[in-house]
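Data from input.txt: compact mmCIF, C-alpha atoms
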# COMPACT_ATOMS: atom_id res chain seq x y z
CA MET K 4 0.00 0.00 0.00
CA THR K 5 1.21 3.44 -0.83
CA ASP K 6 2.07 5.62 2.11
CA LEU K 7 0.41 8.95 1.56
CA ASN K 8 2.83 10.75 3.83
CA ASN K 9 5.82 9.84 1.73
CA LEU K 10 4.75 11.33 -1.58
CA GLY K 11 7.32 13.76 -2.92
CA GLU K 12 6.93 16.93 -4.90
CA ALA K 13 7.46 15.14 -8.25
CA GLU K 14 4.86 12.50 -7.46
CA LEU K 15 2.35 15.16 -6.51
CA ASP K 16 3.03 16.85 -9.84
CA VAL K 17 2.17 13.68 -11.74
CA LEU K 18 -1.01 13.33 -9.70
CA LYS K 19 -1.83 16.93 -10.55
CA GLU K 20 -1.32 16.22 -14.23
CA LEU K 21 -3.63 13.25 -13.93
CA GLY K 22 -6.24 15.51 -12.38
CA ASN K 23 -5.63 17.99 -15.16
CA ILE K 24 -6.38 15.44 -17.86
CA GLY K 25 -9.57 14.37 -16.12
CA THR K 26 -10.76 17.90 -15.53
CA GLY K 27 -9.99 18.90 -19.09
CA HIS K 28 -12.30 16.23 -20.41
CA ALA K 29 -14.97 17.03 -17.84
CA ALA K 30 -14.79 20.69 -18.87
CA THR K 31 -15.19 19.81 -22.53
CA ALA K 32 -18.20 17.65 -21.70
CA LEU K 33 -19.80 20.43 -19.67
CA SER K 34 -19.07 23.01 -22.34
CA LYS K 35 -20.78 20.88 -24.99
CA LEU K 36 -23.69 20.21 -22.70
CA ILE K 37 -24.51 23.81 -21.81
CA ASN K 38 -23.01 25.30 -24.94
CA LYS K 39 -20.82 27.82 -23.12
CA ASP K 40 -17.12 28.43 -22.66
CA ILE K 41 -15.81 26.73 -19.55
CA TYR K 42 -12.71 27.75 -17.61
CA LEU K 43 -10.88 25.37 -15.41
CA SER K 44 -8.66 25.99 -12.45
CA VAL K 45 -5.25 24.38 -12.06
CA PRO K 46 -6.00 21.23 -10.08
CA ASN K 47 -4.88 20.95 -6.54
CA VAL K 48 -3.77 17.73 -4.93
CA LYS K 49 -4.15 17.66 -1.21
CA ILE K 50 -3.19 14.99 1.23
CA GLY K 51 -5.03 15.76 4.36
CA GLU K 52 -5.92 14.24 7.65
CA ILE K 53 -9.55 13.25 7.81
CA LYS K 54 -10.14 15.35 10.92
CA ASN K 55 -9.32 18.51 8.98
CA LEU K 56 -11.50 17.63 6.01
CA SER K 57 -14.20 20.18 6.72
CA ARG K 58 -11.69 22.97 6.08
CA GLU K 59 -11.05 21.71 2.53
CA PHE K 60 -14.53 22.38 1.23
CA ILE K 61 -16.60 25.49 0.73
CA GLY K 62 -18.96 26.30 3.57
CA ASP K 63 -22.13 26.84 1.57
CA VAL K 64 -24.88 24.39 0.80
CA VAL K 65 -24.21 22.41 -2.38
CA ALA K 66 -26.01 19.93 -4.56
CA GLY K 67 -23.62 17.00 -4.27
CA VAL K 68 -23.33 14.00 -6.56
CA ILE K 69 -21.34 10.98 -5.43
CA ILE K 70 -20.27 8.21 -7.75
CA ALA K 71 -18.40 5.10 -6.68
CA LEU K 72 -15.70 3.74 -8.97
CA GLN K 73 -14.79 0.11 -9.46
CA ASP K 74 -12.33 -1.84 -11.53
CA LEU K 75 -13.23 -4.90 -13.61
CA GLU K 76 -12.84 -7.25 -10.64
CA GLU K 77 -15.27 -5.13 -8.65
CA ASN K 78 -12.59 -3.80 -6.34
CA LYS K 79 -13.42 -0.38 -4.98
CA SER K 80 -11.24 2.16 -6.73
CA GLY K 81 -12.54 5.29 -5.07
CA TYR K 82 -15.19 7.94 -5.27
CA MET K 83 -15.89 10.91 -7.43
CA TYR K 84 -17.54 13.79 -5.60
CA ILE K 85 -19.02 16.64 -7.59
CA MET K 86 -20.26 19.75 -5.80
CA PHE K 87 -22.57 22.25 -7.43
CA PRO K 88 -23.18 25.35 -5.31
CA GLU K 89 -26.99 25.73 -5.18
CA LYS K 90 -27.09 28.79 -7.42
CA SER K 91 -24.98 27.10 -10.11
CA ALA K 92 -27.04 23.92 -9.95
CA ARG K 93 -30.29 25.86 -10.46
CA LYS K 94 -28.70 27.81 -13.31
CA ILE K 95 -27.46 24.70 -15.10
CA ALA K 96 -30.82 22.95 -14.76
CA SER K 97 -32.87 25.92 -15.92
CA ASP K 98 -30.45 26.61 -18.82
CA LEU K 99 -30.68 23.03 -20.00
CA PHE K 100 -34.46 23.06 -20.05
CA ASP K 101 -34.76 26.68 -20.99
CA MET K 102 -37.25 27.12 -18.15
CA ASP K 103 -37.00 29.26 -15.03
CA GLU K 104 -38.89 26.92 -12.73
CA LEU K 105 -38.31 23.20 -12.56
CA ASP K 106 -40.02 20.81 -10.22
CA GLU K 107 -37.70 19.38 -7.57
CA GLU K 108 -37.69 15.84 -8.89
CA MET K 109 -36.69 17.05 -12.35
CA TYR K 110 -34.05 19.35 -10.88
CA ALA K 111 -32.48 16.57 -8.81
CA SER K 112 -32.41 14.14 -11.65
CA THR K 113 -30.92 16.74 -14.02
CA ILE K 114 -28.08 17.57 -11.65
CA MET K 115 -27.45 13.87 -11.06
CA GLU K 116 -27.17 13.35 -14.77
CA VAL K 117 -24.84 16.32 -15.23
CA GLY K 118 -22.74 14.94 -12.38
CA ASN K 119 -22.75 11.59 -14.08
CA ILE K 120 -21.58 13.03 -17.39
CA LEU K 121 -18.80 15.04 -15.76
CA SER K 122 -17.53 12.16 -13.67
CA SER K 123 -17.65 9.75 -16.59
CA ALA K 124 -15.62 12.17 -18.69
CA PHE K 125 -13.15 12.65 -15.84
CA CYS K 126 -12.75 8.94 -15.16
CA ASP K 127 -12.57 7.83 -18.79
CA ALA K 128 -9.79 10.26 -19.50
CA SER K 129 -7.72 9.49 -16.44
CA ALA K 130 -8.30 5.73 -16.74
CA ASP K 131 -7.21 5.91 -20.39
CA PHE K 132 -4.08 7.73 -19.37
CA MET K 133 -3.25 5.10 -16.78
CA ASN K 134 -4.39 2.27 -18.99
CA ILE K 135 -6.79 0.93 -16.37
CA VAL K 136 -10.56 0.53 -16.17
CA LEU K 137 -12.77 2.65 -13.93
CA LEU K 138 -16.45 1.76 -13.90
CA PRO K 139 -18.72 4.40 -12.40
CA SER K 140 -21.74 3.42 -10.27
CA PRO K 141 -25.09 5.17 -10.75
CA PRO K 142 -25.00 8.55 -8.99
CA SER K 143 -26.27 9.34 -5.49
CA PHE K 144 -27.60 12.82 -4.84
CA ALA K 145 -27.93 15.08 -1.80
CA VAL K 146 -28.33 18.76 -1.06
CA ASP K 147 -26.46 19.85 2.06
CA VAL K 148 -23.16 21.33 3.26
CA PRO K 149 -20.22 19.53 1.56
CA THR K 150 -18.98 17.68 4.65
CA ALA K 151 -22.44 16.38 5.53
CA VAL K 152 -22.76 14.96 2.02
CA ILE K 153 -19.34 13.33 1.92
CA ASP K 154 -19.01 12.02 5.47
CA SER K 155 -20.59 8.65 4.78
CA VAL K 156 -18.06 8.07 1.99
CA VAL K 157 -15.26 9.27 4.22
CA SER K 158 -16.38 6.81 6.89
CA GLN K 159 -15.82 4.00 4.39
CA MET K 160 -12.36 5.20 3.52
CA ALA K 161 -11.51 5.93 7.14
CA LYS K 162 -11.66 2.23 7.97
CA ASN K 163 -8.29 1.84 6.26
CA SER K 164 -6.58 5.17 6.59
CA ASN K 165 -6.57 8.38 8.58
CA HIS K 166 -5.43 10.32 5.56
CA ILE K 167 -7.28 11.14 2.45
CA ILE K 168 -6.00 12.26 -0.92
CA LEU K 169 -8.15 14.78 -2.62
CA PHE K 170 -7.95 16.03 -6.19
CA GLU K 171 -9.70 19.31 -6.26
CA THR K 172 -10.48 21.48 -9.17
CA SER K 173 -13.19 23.82 -10.27
CA LEU K 174 -15.00 24.62 -13.47
CA SER K 175 -16.58 27.97 -14.13
CA SER K 176 -18.19 29.91 -16.90
CA ASP K 177 -19.11 33.51 -17.72
CA SER K 178 -22.64 32.93 -16.55
CA ASP K 179 -21.71 32.39 -12.89
CA ILE K 180 -21.58 28.63 -13.01
CA GLU K 181 -19.15 27.05 -10.61
CA ILE K 182 -18.56 23.35 -10.10
CA TYR K 183 -16.08 21.65 -7.78
CA LEU K 184 -14.79 18.19 -8.56
CA ALA K 185 -12.99 15.95 -6.13
CA LEU K 186 -11.60 12.46 -6.59
CA LEU K 187 -11.04 10.36 -3.50
CA PRO K 188 -8.98 7.33 -4.55
CA GLU K 189 -8.91 4.12 -2.51
CA SER K 190 -5.50 2.60 -1.97
CA CYS K 191 -5.65 0.25 -4.99
CA LEU K 192 -6.28 3.14 -7.37
CA LEU K 193 -3.57 5.16 -5.69
CA ASP K 194 -1.19 2.23 -6.16
CA ASP K 195 -2.05 2.25 -9.86
CA MET K 196 -1.33 5.95 -10.01
CA ILE K 197 2.03 5.53 -8.33
CA LYS K 198 2.88 2.68 -10.72
CA ILE K 199 2.22 4.97 -13.68
CA MET K 200 4.54 7.51 -12.15
CA GLY K 201 7.31 4.93 -12.01
CA GLN K 202 6.99 4.43 -15.75
CA LEU K 203 7.18 8.11 -16.63
CA MET O 15 -12.55 42.26 25.19
CA SER O 16 -11.36 40.95 21.83
CA ASN O 17 -12.93 37.66 20.72
CA CYS O 18 -15.32 36.29 23.24
CA VAL O 19 -18.27 34.01 23.66
CA LEU O 20 -21.19 35.25 25.73
CA PHE O 21 -24.21 33.37 26.96
CA VAL O 22 -27.22 35.50 27.72
CA SER O 23 -30.37 34.32 29.39
CA GLY O 24 -33.24 36.69 29.77
CA GLU O 25 -36.94 36.47 30.38
CA SER O 26 -37.78 35.95 26.72
CA GLY O 27 -35.15 33.33 25.90
CA LYS O 28 -31.48 32.58 25.75
CA ALA O 29 -28.75 33.06 23.21
CA ILE O 30 -25.08 32.62 22.55
CA PHE O 31 -23.20 35.48 20.96
CA LEU O 32 -19.74 35.43 19.46
CA THR O 33 -18.16 38.82 19.51
CA SER O 34 -15.03 40.29 18.03
CA GLY O 35 -13.94 43.55 19.59
CA ASP O 36 -17.28 45.17 20.29
CA VAL O 37 -19.03 43.78 17.22
CA LEU O 38 -21.47 40.88 17.35
CA VAL O 39 -20.27 38.35 14.81
CA LYS O 40 -22.57 35.41 15.19
CA ALA O 41 -25.62 34.69 17.24
CA CYS O 42 -27.37 31.49 18.08
CA CYS O 43 -30.66 32.06 19.80
CA SER O 44 -33.41 29.93 21.31
CA LEU O 45 -36.01 32.24 19.80
CA SER O 46 -34.85 32.06 16.20
CA ASN O 47 -37.73 29.81 15.11
CA THR O 48 -40.33 32.31 16.23
CA CYS O 49 -38.31 35.52 15.96
CA SER O 50 -39.80 38.15 13.67
CA SER O 51 -36.43 39.42 12.41
CA ARG O 52 -35.68 35.96 10.90
CA GLY O 53 -32.02 35.82 11.67
CA SER O 54 -31.19 39.38 10.71
CA CYS O 55 -31.13 40.14 14.45
CA ARG O 56 -31.42 43.89 14.64
CA SER O 57 -32.58 44.49 18.12
CA CYS O 58 -34.19 42.65 21.00
CA ASP O 59 -33.67 42.58 24.75
CA LEU O 60 -31.02 39.84 24.45
CA ILE O 61 -29.00 41.78 21.90
CA ASN O 62 -29.40 44.98 23.81
CA SER O 63 -28.09 43.42 26.99
CA VAL O 64 -25.04 42.05 25.16
CA LYS O 65 -24.40 45.44 23.62
CA SER O 66 -24.55 47.15 26.96
CA LYS O 67 -22.24 44.51 28.44
CA LEU O 68 -19.76 45.15 25.62
CA MET O 69 -19.90 48.83 26.38
CA GLY O 70 -19.30 48.07 30.03
CA VAL O 71 -22.77 48.94 31.25
CA LYS O 72 -24.65 46.58 33.56
CA SER O 73 -27.97 45.24 32.41
CA GLY O 74 -30.86 43.22 33.77
CA SER O 75 -30.16 40.01 31.89
CA ASN O 76 -27.91 37.29 33.12
CA ILE O 77 -24.69 37.27 31.09
CA LYS O 78 -21.93 34.71 31.43
CA GLN O 79 -18.68 34.73 29.54
CA LEU O 80 -17.33 31.43 28.25
CA ASP O 81 -13.65 30.68 27.78
CA GLY O 82 -13.59 30.49 24.01
CA GLU O 83 -14.77 27.71 21.73
CA LEU O 84 -13.46 24.33 20.64
CA SER O 85 -14.38 22.51 17.45
CA ALA O 86 -13.85 18.77 17.00
CA GLY O 87 -12.88 17.64 13.48
CA ILE O 88 -14.06 14.37 11.95
CA GLY O 89 -13.09 11.46 14.20
CA GLU O 90 -11.77 13.71 16.98
CA TYR O 91 -12.96 14.66 20.42
CA LYS O 92 -12.36 17.83 22.39
CA ILE O 93 -12.68 18.44 26.11
CA GLY O 94 -13.03 21.79 27.75
CA LYS O 95 -14.09 23.51 30.91
CA ASN O 96 -16.60 26.29 30.53
CA THR O 97 -15.93 26.27 26.78
CA LEU O 98 -18.37 26.36 23.91
CA LEU O 99 -18.04 23.04 22.05
CA GLU O 100 -19.01 22.42 18.47
CA VAL O 101 -19.00 19.95 15.62
CA MET O 102 -19.87 21.20 12.17
CA GLY O 103 -21.29 19.59 9.05
CA LEU O 104 -22.61 16.33 10.45
CA GLY O 105 -24.22 14.11 7.86
CA SER O 106 -24.10 10.46 8.82
CA CYS O 107 -21.64 11.38 11.59
CA ILE O 108 -22.77 11.90 15.17
CA GLY O 109 -21.89 14.61 17.65
CA VAL O 110 -21.73 13.07 21.12
CA ILE O 111 -21.59 15.37 24.14
CA LEU O 112 -20.66 14.23 27.62
CA SER O 113 -20.92 16.79 30.39
CA ASP O 114 -20.65 17.17 34.11
CA VAL O 115 -22.51 20.37 34.88
CA SER O 116 -21.33 20.34 38.51
CA THR O 117 -17.68 20.87 37.53
CA GLY O 118 -18.27 22.43 34.09
CA ILE O 119 -16.07 19.81 32.40
CA CYS O 120 -17.52 18.66 29.13
CA GLY O 121 -16.49 17.04 25.89
CA ILE O 122 -17.71 16.63 22.36
CA ALA O 123 -16.86 13.82 19.93
CA HIS O 124 -17.34 13.75 16.16
CA VAL O 125 -18.07 10.06 15.61
CA LEU O 126 -17.57 8.72 12.09
CA LEU O 127 -18.01 4.95 12.36
CA PRO O 128 -20.03 2.51 14.47
CA GLY O 129 -18.39 -0.02 16.79
CA ALA O 130 -15.02 -0.04 18.49
CA SER O 131 -11.45 0.21 17.30
CA ASN O 132 -8.76 -2.19 18.44
CA LYS O 133 -6.15 0.46 17.75
CA GLY O 134 -7.78 3.09 19.96
CA GLU O 135 -8.88 5.27 17.08
CA THR O 136 -11.48 7.81 18.11
CA LYS O 137 -13.34 7.83 14.82
CA TYR O 138 -15.21 4.78 16.16
CA ALA O 139 -18.21 5.43 18.42
CA GLU O 140 -17.36 3.14 21.35
CA THR O 141 -13.69 4.06 21.45
CA ALA O 142 -14.39 7.79 21.22
CA ILE O 143 -16.96 7.75 24.02
CA GLU O 144 -14.79 5.61 26.31
CA LYS O 145 -11.65 7.68 25.81
CA MET O 146 -13.46 10.96 26.20
CA PHE O 147 -15.17 9.68 29.38
CA GLU O 148 -11.83 8.68 30.92
CA ASP O 149 -10.13 11.92 29.94
CA MET O 150 -12.92 13.92 31.51
CA ILE O 151 -12.55 12.02 34.79
CA LYS O 152 -8.79 12.64 34.71
CA MET O 153 -9.56 16.34 34.38
CA GLY O 154 -11.70 16.18 37.48
CA ALA O 155 -15.20 15.41 36.24
CA ARG O 156 -17.29 13.28 38.58
CA LYS O 157 -18.16 9.89 37.12
CA SER O 158 -21.66 9.78 38.61
CA ARG O 159 -22.54 13.25 37.34
CA ILE O 160 -21.66 12.78 33.67
CA THR O 161 -24.62 12.87 31.34
CA ALA O 162 -24.88 12.59 27.57
CA LYS O 163 -26.62 14.22 24.65
CA PHE O 164 -26.13 13.40 21.01
CA ALA O 165 -27.31 14.38 17.54
CA GLY O 166 -26.63 13.45 13.94
CA GLY O 167 -26.87 10.23 11.95
CA ALA O 168 -28.83 11.72 9.08
CA GLN O 169 -29.39 10.18 5.70
CA VAL O 170 -28.85 13.18 3.47
CA PHE O 171 -29.17 11.39 0.14
CA LYS O 172 -32.37 11.98 -1.73
CA HIS O 173 -31.39 9.52 -4.39
CA MET O 174 -29.14 6.78 -3.30
CA ASN O 175 -27.57 4.01 -5.26
CA LEU O 176 -24.87 3.02 -2.82
CA ASP O 177 -25.76 0.99 0.26
CA ILE O 178 -22.58 2.00 2.00
CA LEU O 179 -23.97 5.50 2.36
CA LYS O 180 -26.59 4.23 4.84
CA ILE O 181 -24.28 4.46 7.81
CA GLY O 182 -26.10 7.11 9.86
CA ASP O 183 -28.51 4.71 11.55
CA ARG O 184 -25.74 2.31 12.46
CA ASN O 185 -23.74 5.15 13.99
CA ALA O 186 -26.72 6.27 16.07
CA ILE O 187 -27.40 2.76 17.36
CA SER O 188 -23.75 2.23 18.22
CA VAL O 189 -23.56 5.51 20.16
CA GLU O 190 -26.75 4.80 22.07
CA GLU O 191 -25.72 1.25 22.96
CA THR O 192 -22.34 2.41 24.22
CA LEU O 193 -23.90 5.08 26.44
CA ILE O 194 -26.40 2.62 27.88
CA ARG O 195 -23.69 0.04 28.51
CA LYS O 196 -21.61 2.60 30.38
CA ASN O 197 -24.65 3.73 32.39
CA ILE O 198 -24.38 7.30 31.16
CA PRO O 199 -27.85 8.86 31.26
CA ILE O 200 -29.01 10.16 27.86
CA LEU O 201 -30.73 13.50 28.43
CA ALA O 202 -31.48 14.38 24.83
CA LYS O 203 -30.99 13.15 21.32
CA ASP O 204 -31.87 14.26 17.83
CA ILE O 205 -31.02 11.63 15.27
CA GLY O 206 -31.94 10.53 11.78
CA GLY O 207 -33.78 12.66 9.27
CA ASP O 208 -32.48 13.82 5.92
CA VAL O 209 -30.75 17.08 6.82
CA GLY O 210 -27.18 17.71 7.98
CA ARG O 211 -26.58 19.31 11.37
CA ASN O 212 -24.21 21.58 13.22
CA VAL O 213 -24.13 20.76 16.92
CA ILE O 214 -23.08 23.23 19.60
CA PHE O 215 -22.91 22.63 23.34
CA ASN O 216 -23.28 25.33 25.93
CA PRO O 217 -21.76 24.16 29.22
CA VAL O 218 -23.33 26.97 31.25
CA ASP O 219 -26.87 25.61 31.11
CA GLY O 220 -26.03 22.22 29.60
CA SER O 221 -28.02 22.74 26.43
CA MET O 222 -27.23 21.13 23.10
CA ILE O 223 -27.99 23.42 20.21
CA VAL O 224 -28.76 21.68 16.93
CA LYS O 225 -28.74 23.79 13.79
CA TYR O 226 -30.02 22.22 10.62
CA THR O 227 -27.73 23.09 7.75
CA THR O 228 -30.27 23.51 4.99
CA LYS O 229 -33.47 24.36 6.85
CA GLY O 230 -32.11 27.08 9.12
CA GLU O 231 -34.11 25.57 11.98
CA VAL O 232 -32.51 25.61 15.44
CA LEU O 233 -33.28 23.28 18.35
CA TRP O 234 -32.22 23.81 21.96
CA LEU O 235 -32.19 20.43 23.67
Structure translated into structure tokens:
Amino acid sequence: MTDLNNLGEAELDVLKELGNIGTGHAATALSKLINKDIYLSVPNVKIGEIKNLSREFIGDVVAGVIIALQDLEENKSGYMYIMFPEKSARKIASDLFDMDELDEEMYASTIMEVGNILSSAFCDASADFMNIVLLPSPPSFAVDVPTAVIDSVVSQMAKNSNHIILFETSLSSDSDIEIYLALLPESCLLDDMIKIMGQL
Amino acid sequence: MSNCVLFVSGESGKAIFLTSGDVLVKACCSLSNTCSSRGSCRSCDLINSVKSKLMGVKSGSNIKQLDGELSAGIGEYKIGKNTLLEVMGLGSCIGVILSDVSTGICGIAHVLLPGASNKGETKYAETAIEKMFEDMIKMGARKSRITAKFAGGAQVFKHMNLDILKIGDRNAISVEETLIRKNIPILAKDIGGDVGRNVIFNPVDGSMIVKYTTKGEVLWL
């Protein structure tokens, strides 16, 4: 198992690049979907202690989509966590339908689907790069503060480790849309990532 | 007074105010569900008495100053004496409060997982409660006077396709069983539901304040 504390600067850079590839594809997918230019931030890789996790996320209420990732042998690879600040989520949904008011069921299912598209784009691209397979689960959806949404996932990961590696990046557009993406890899996916680094 | 935490109890209700210099930064009030100003808090007898206290004038209400605040991160616990305790952003996690009002020693744990840990990790319910209990006694709390309150264990997902996300109930059961096994009286609890919570504990009157993250509703238990 890879020790998260012993990652060096160069290894973090490769992880960042991996995040960059994923985010790039997610941004393209989003841009096609809503037909707007999308800007992406330089991804950040953070290795943090679980107890400090709440400081890593924004404090506002978000519409959160969580997708579990598996490999072909059904090993857990990790989780993709996509956060839409409420205002952005409403904007995306109403833009897509060209309607100001959407019923809640429709809204939830739209954001889930957008989350699904973004995470699939992210995972496909990074899995391609690493030459591995990442199969996304159907999305789960919640509206709450980011830590309240993610803590049940964190509790799963916390069984094995007190540290968590977080790829964080954001997408934005002219029309005030902001989306935060985070990838929380389990140790087997992280091992794959480190292996790729060895080959570079 | 620079940053301080004040607890005010008056005839109409009670509230906790966080102040910086002589400005009120944050308020948490037992009246907020019925209050006409809806959180914008312009003026009421509680606010007025805090303001006069900040300006050094005595007022009719009962004001107590707390020694700062402590926040427990995920899987941690914090113990304080006469300190405001808090855990923020609880989804499936549980905030467990143990307190001995007679000595003012109290603790809050941010429990992440049900069951016990064989490595002494405090992210597990049983381990966190046991360690916190022992630490409080070391600090001088009286075993027979310690009581418990807890909140959390929500199921925030509206659409859920992953069974592993259903951990809130298991956390709540584990916490409750541990408290019963250790003969710690449970004075209040607020568990389940589909909304995240922030939990604050005021050691002065022993009340647990539960703030719902998306509804803006506040409970004093």
Discussion item. Report, in Å to a single decimal, how far apart atom CA of Leu193 of chain K and atom CA of Leu33 of chain K are.
Written reply: 26.3 Å
Worksheet item: Using only C-alpha atoms, which of O:Ala162, O:Met102, O:Ala186, O:Ile214 sits nearest chain K?
Response: O:Met102
Worksheet entry | Residue contacts of segment 155-171 of chain K (9 Å, only C-alpha atoms) excluding same-chain residues fewer than 4 positions away, as a ChimeraX atom specification | /K:7-8,18-19,22,45-54,56,69,81-82,151,183-190,193 /O:105-107,126-127,137,169,178-182
Using all atoms listed in the file, determine which residues lie at most 12 Å from Phe100 of chain K, disregarding the query and same-chain residues fewer than 3 positions distant; provide the list as an mmCIF file with C-alpha atoms, in the frame of the given file.
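Listing of selection00.cif after writing:
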data_model
loop_
_atom_site.group_PDB
_atom_site.id
_atom_site.type_symbol
_atom_site.label_atom_id
_atom_site.label_comp_id
_atom_site.auth_asym_id
_atom_site.auth_seq_id
_atom_site.Cartn_x
_atom_site.Cartn_y
_atom_site.Cartn_z
ATOM 1 C CA LEU K 36 -23.690 20.210 -22.700
ATOM 2 C CA ILE K 37 -24.510 23.810 -21.810
ATOM 3 C CA ARG K 93 -30.290 25.860 -10.460
ATOM 4 C CA LYS K 94 -28.700 27.810 -13.310
ATOM 5 C CA ILE K 95 -27.460 24.700 -15.100
ATOM 6 C CA ALA K 96 -30.820 22.950 -14.760
ATOM 7 C CA SER K 97 -32.870 25.920 -15.920
ATOM 8 C CA ASP K 103 -37.000 29.260 -15.030
ATOM 9 C CA GLU K 104 -38.890 26.920 -12.730
ATOM 10 C CA LEU K 105 -38.310 23.200 -12.560
ATOM 11 C CA ASP K 106 -40.020 20.810 -10.220
ATOM 12 C CA MET K 109 -36.690 17.050 -12.350
ATOM 13 C CA TYR K 110 -34.050 19.350 -10.880
ATOM 14 C CA THR K 113 -30.920 16.740 -14.020
ATOM 15 C CA ILE K 114 -28.080 17.570 -11.650
#
Fill in: Polymer residues at most 6 Å from Ser80 of chain K, only C-alpha atoms, same-chain spacing of 6 or more positions, as a PyMOL selection string
chain K and resi 72-73+189+192
Worksheet entry | Counting all atoms listed in the file, the residue of K:Asp16, K:Asp40, K:Arg58, K:Ile24 that sits nearest Ser175 of chain K | K:Asp40
Compile the residues of chain O that lie within 10 Å of chain K, evaluated using all atoms listed in the file, and express the compilation as an mmCIF file with C-alpha atoms, keeping the file's coordinate frame.
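The result, written out as iface_36.cif:
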data_model
loop_
_atom_site.group_PDB
_atom_site.id
_atom_site.type_symbol
_atom_site.label_atom_id
_atom_site.label_comp_id
_atom_site.auth_asym_id
_atom_site.auth_seq_id
_atom_site.Cartn_x
_atom_site.Cartn_y
_atom_site.Cartn_z
ATOM 1 C CA ALA O 86 -13.850 18.770 17.000
ATOM 2 C CA GLY O 87 -12.880 17.640 13.480
ATOM 3 C CA ILE O 88 -14.060 14.370 11.950
ATOM 4 C CA GLY O 89 -13.090 11.460 14.200
ATOM 5 C CA GLU O 90 -11.770 13.710 16.980
ATOM 6 C CA TYR O 91 -12.960 14.660 20.420
ATOM 7 C CA MET O 102 -19.870 21.200 12.170
ATOM 8 C CA GLY O 103 -21.290 19.590 9.050
ATOM 9 C CA LEU O 104 -22.610 16.330 10.450
ATOM 10 C CA GLY O 105 -24.220 14.110 7.860
ATOM 11 C CA SER O 106 -24.100 10.460 8.820
ATOM 12 C CA CYS O 107 -21.640 11.380 11.590
ATOM 13 C CA HIS O 124 -17.340 13.750 16.160
ATOM 14 C CA VAL O 125 -18.070 10.060 15.610
ATOM 15 C CA LEU O 126 -17.570 8.720 12.090
ATOM 16 C CA LEU O 127 -18.010 4.950 12.360
ATOM 17 C CA PRO O 128 -20.030 2.510 14.470
ATOM 18 C CA SER O 131 -11.450 0.210 17.300
ATOM 19 C CA GLU O 135 -8.880 5.270 17.080
ATOM 20 C CA LYS O 137 -13.340 7.830 14.820
ATOM 21 C CA TYR O 138 -15.210 4.780 16.160
ATOM 22 C CA GLY O 166 -26.630 13.450 13.940
ATOM 23 C CA GLY O 167 -26.870 10.230 11.950
ATOM 24 C CA ALA O 168 -28.830 11.720 9.080
ATOM 25 C CA GLN O 169 -29.390 10.180 5.700
ATOM 26 C CA VAL O 170 -28.850 13.180 3.470
ATOM 27 C CA PHE O 171 -29.170 11.390 0.140
ATOM 28 C CA LYS O 172 -32.370 11.980 -1.730
ATOM 29 C CA HIS O 173 -31.390 9.520 -4.390
ATOM 30 C CA MET O 174 -29.140 6.780 -3.300
ATOM 31 C CA ASN O 175 -27.570 4.010 -5.260
ATOM 32 C CA LEU O 176 -24.870 3.020 -2.820
ATOM 33 C CA ILE O 178 -22.580 2.000 2.000
ATOM 34 C CA LEU O 179 -23.970 5.500 2.360
ATOM 35 C CA LYS O 180 -26.590 4.230 4.840
ATOM 36 C CA ILE O 181 -24.280 4.460 7.810
ATOM 37 C CA GLY O 182 -26.100 7.110 9.860
ATOM 38 C CA ASP O 208 -32.480 13.820 5.920
ATOM 39 C CA VAL O 209 -30.750 17.080 6.820
ATOM 40 C CA GLY O 210 -27.180 17.710 7.980
ATOM 41 C CA ARG O 211 -26.580 19.310 11.370
ATOM 42 C CA ASN O 212 -24.210 21.580 13.220
ATOM 43 C CA TYR O 226 -30.020 22.220 10.620
ATOM 44 C CA THR O 227 -27.730 23.090 7.750
ATOM 45 C CA THR O 228 -30.270 23.510 4.990
ATOM 46 C CA LYS O 229 -33.470 24.360 6.850
#
Exercise: Asn197 of chain O partners within 12 Å, all atoms listed in the file, chain neighbours under 2 positions left out, as a PDB file with C-alpha atoms, keeping the file's coordinate frame:
ATOM      1  CA  GLU O 144     -14.790   5.610  26.310  1.00  0.00           C
ATOM      2  CA  PHE O 147     -15.170   9.680  29.380  1.00  0.00           C
ATOM      3  CA  LYS O 157     -18.160   9.890  37.120  1.00  0.00           C
ATOM      4  CA  SER O 158     -21.660   9.780  38.610  1.00  0.00           C
ATOM      5  CA  ARG O 159     -22.540  13.250  37.340  1.00  0.00           C
ATOM      6  CA  ILE O 160     -21.660  12.780  33.670  1.00  0.00           C
ATOM      7  CA  THR O 161     -24.620  12.870  31.340  1.00  0.00           C
ATOM      8  CA  ALA O 162     -24.880  12.590  27.570  1.00  0.00           C
ATOM      9  CA  GLU O 190     -26.750   4.800  22.070  1.00  0.00           C
ATOM     10  CA  GLU O 191     -25.720   1.250  22.960  1.00  0.00           C
ATOM     11  CA  THR O 192     -22.340   2.410  24.220  1.00  0.00           C
ATOM     12  CA  LEU O 193     -23.900   5.080  26.440  1.00  0.00           C
ATOM     13  CA  ILE O 194     -26.400   2.620  27.880  1.00  0.00           C
ATOM     14  CA  ARG O 195     -23.690   0.040  28.510  1.00  0.00           C
ATOM     15  CA  PRO O 199     -27.850   8.860  31.260  1.00  0.00           C
ATOM     16  CA  ILE O 200     -29.010  10.160  27.860  1.00  0.00           C
TER      17      ILE O 200
END
Centre and edge lengths, as JSON, for the axis-aligned box enclosing every listed atom of segment 109-115 of chain O with 8 Å of padding on each of the six sides, in Å to one decimal?
{"center_x": -21.6, "center_y": 16.7, "center_z": 26.3, "size_x": 17.9, "size_y": 23.3, "size_z": 33.2}
